[in-house]
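Participant: First the structure, which I've put down as structure tokens, then a few questions once you've had a look.
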Amino acid sequence: MRKKTLFVLGGILLVFILLVTNQSNKVDWTPTFDETQTKPLDTKVFFEQIPFYFKGESSKKVYTTFYEYDQHLRMQEKDTLKNYVSISGRYNIDDTSFNSLLQYVEFGNDAFISAYHFPRYVQDTLGFDITYDPVELNQENITLYFNHAKDTLRYSPKVTYGTSYIFDSTKAVKRLGYLKTTNEKHANFIGIPYGDGIFYIHTTPEVFTNYQMLKADNTGYVSTAISYLPTLPILVDKAVKLDPEISRSPLRYILSKEALKWGWYLLLGTIGLFLLFNAKRRQRIIPIKDPLKNTTTEFVQTVSNLHYEAQDYNGIIQKVIVHFLEHVRSKYHLSTDKLNEDFVTKLALRSGKPVDEIQQLISLILKMKSHQFRTKDPLKALNKEIEKFYK
């Protein structure tokens, strides 16, 4: 049993190791745009270059909604201007936070937002419309251009969101760049003045991912696009809003509560003790065997039925006598070799029957052992006397 348990545990451990190994070798192409991760479609490389793009200016990450961050700013005595930067697949900002961002830009800050999808209220407020074209992973390369700069970028798309671009906009919008597929040009980079600041809307966020940043022969496009922002500290609105000081473990809530944490530890300890004691050698289960049945009576009855059907009454009588004498030997421990007066006396004493009754039964047995009968009346008489003795 112990060896079997060890083999099972070893097999589970081996399967776990194989699964982890296979997962570690598989490239994850999920477009999460996380600035802290190194997957191909995250943005760690770009955000590590922020100090270089802005001449050493600091950057701060927003782990909450922008509304919550703005409320925090309002409680400060003084706040300097900052550039707001957001790179994501879907710009998922709620309307309350977006209203706070409008006030933030109106105050004189600039916002650079690159995403494939924008909420409808963002498009309506800023006065532009986004349209989309489906994309295949084997699609031909896309080239990005600026209207007032020579830097270009040619890349092969890896994100399946599709190609998005500005379909329509108001007259106040400044068209800063476009993308080109085959012979068509579509605006993908615009500037929208708002109060004392500017919203820069960019619809090709993939060019800021780790894969495209490292694969591109010319990184001038990215530096030119971001250089539209003034040289000020950067406010990074995280695409994945998870504070690094908070554990990413799925058990973080349980471990954060004292009662749940000790309950979890108790559960693990109990399971460990169960496995420890269960792995020890245990006694095999002893199977329950039914006691041997006494089939003598059934055998005699079967043989008697055969004789009775054949009308061999004398044979039945002899079998009944043999069975009765066997009963006397096994129960009363008397020898049945001599059925004399001494035998009658001993049998009467041990069975508790009257001597004359025992004498009558033995006499009948002796008589029938020495005669041949062809009718069933003697059999009935003998059976009656024996049944009387049994009762």
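Order determines the names: the first chain of the structure tokens is A, the second B, and so forth; residues in each chain are numbered 1 upward, and ligands are numbered 1 upward as they are shown.
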Can you tell me, as a ChimeraX atom specification, what residues are no more than 12 Å from segment 348-364 of chain A when counting only C-alpha atoms, ignoring any on the same chain fewer than 5 positions away?

Facilitator: /A:317,321,324-325,327-329,331-334,336,338-343,369-371,378-391

Participant: Show which residues sit within 12 Å of segment 53-63 of chain A, as JSON, numbers by chain. Count only C-alpha atoms, and ignore same-chain residues fewer than 6 positions away.

Facilitator: {"A": [34, 35, 36, 46, 47, 69, 70, 72, 73, 81, 82, 83, 84, 85, 86, 219, 220, 222, 223, 224, 225, 226, 227, 228, 229, 230, 231, 232, 233, 234, 235, 236, 237, 238, 239, 240, 241, 242, 243, 244, 245, 246]}

Participant: Neighbouring residues of segment 38-41 of chain A were defined as those with any atom within 9 Å, considering only C-alpha atoms; residues of the same chain fewer than 2 positions away were excluded. Please report them as JSON, numbers by chain.

Facilitator: {"A": [27, 28, 29, 30, 31, 32, 33, 34, 35, 36, 43, 44, 45, 158, 159, 206, 208, 209, 210, 211, 212]}
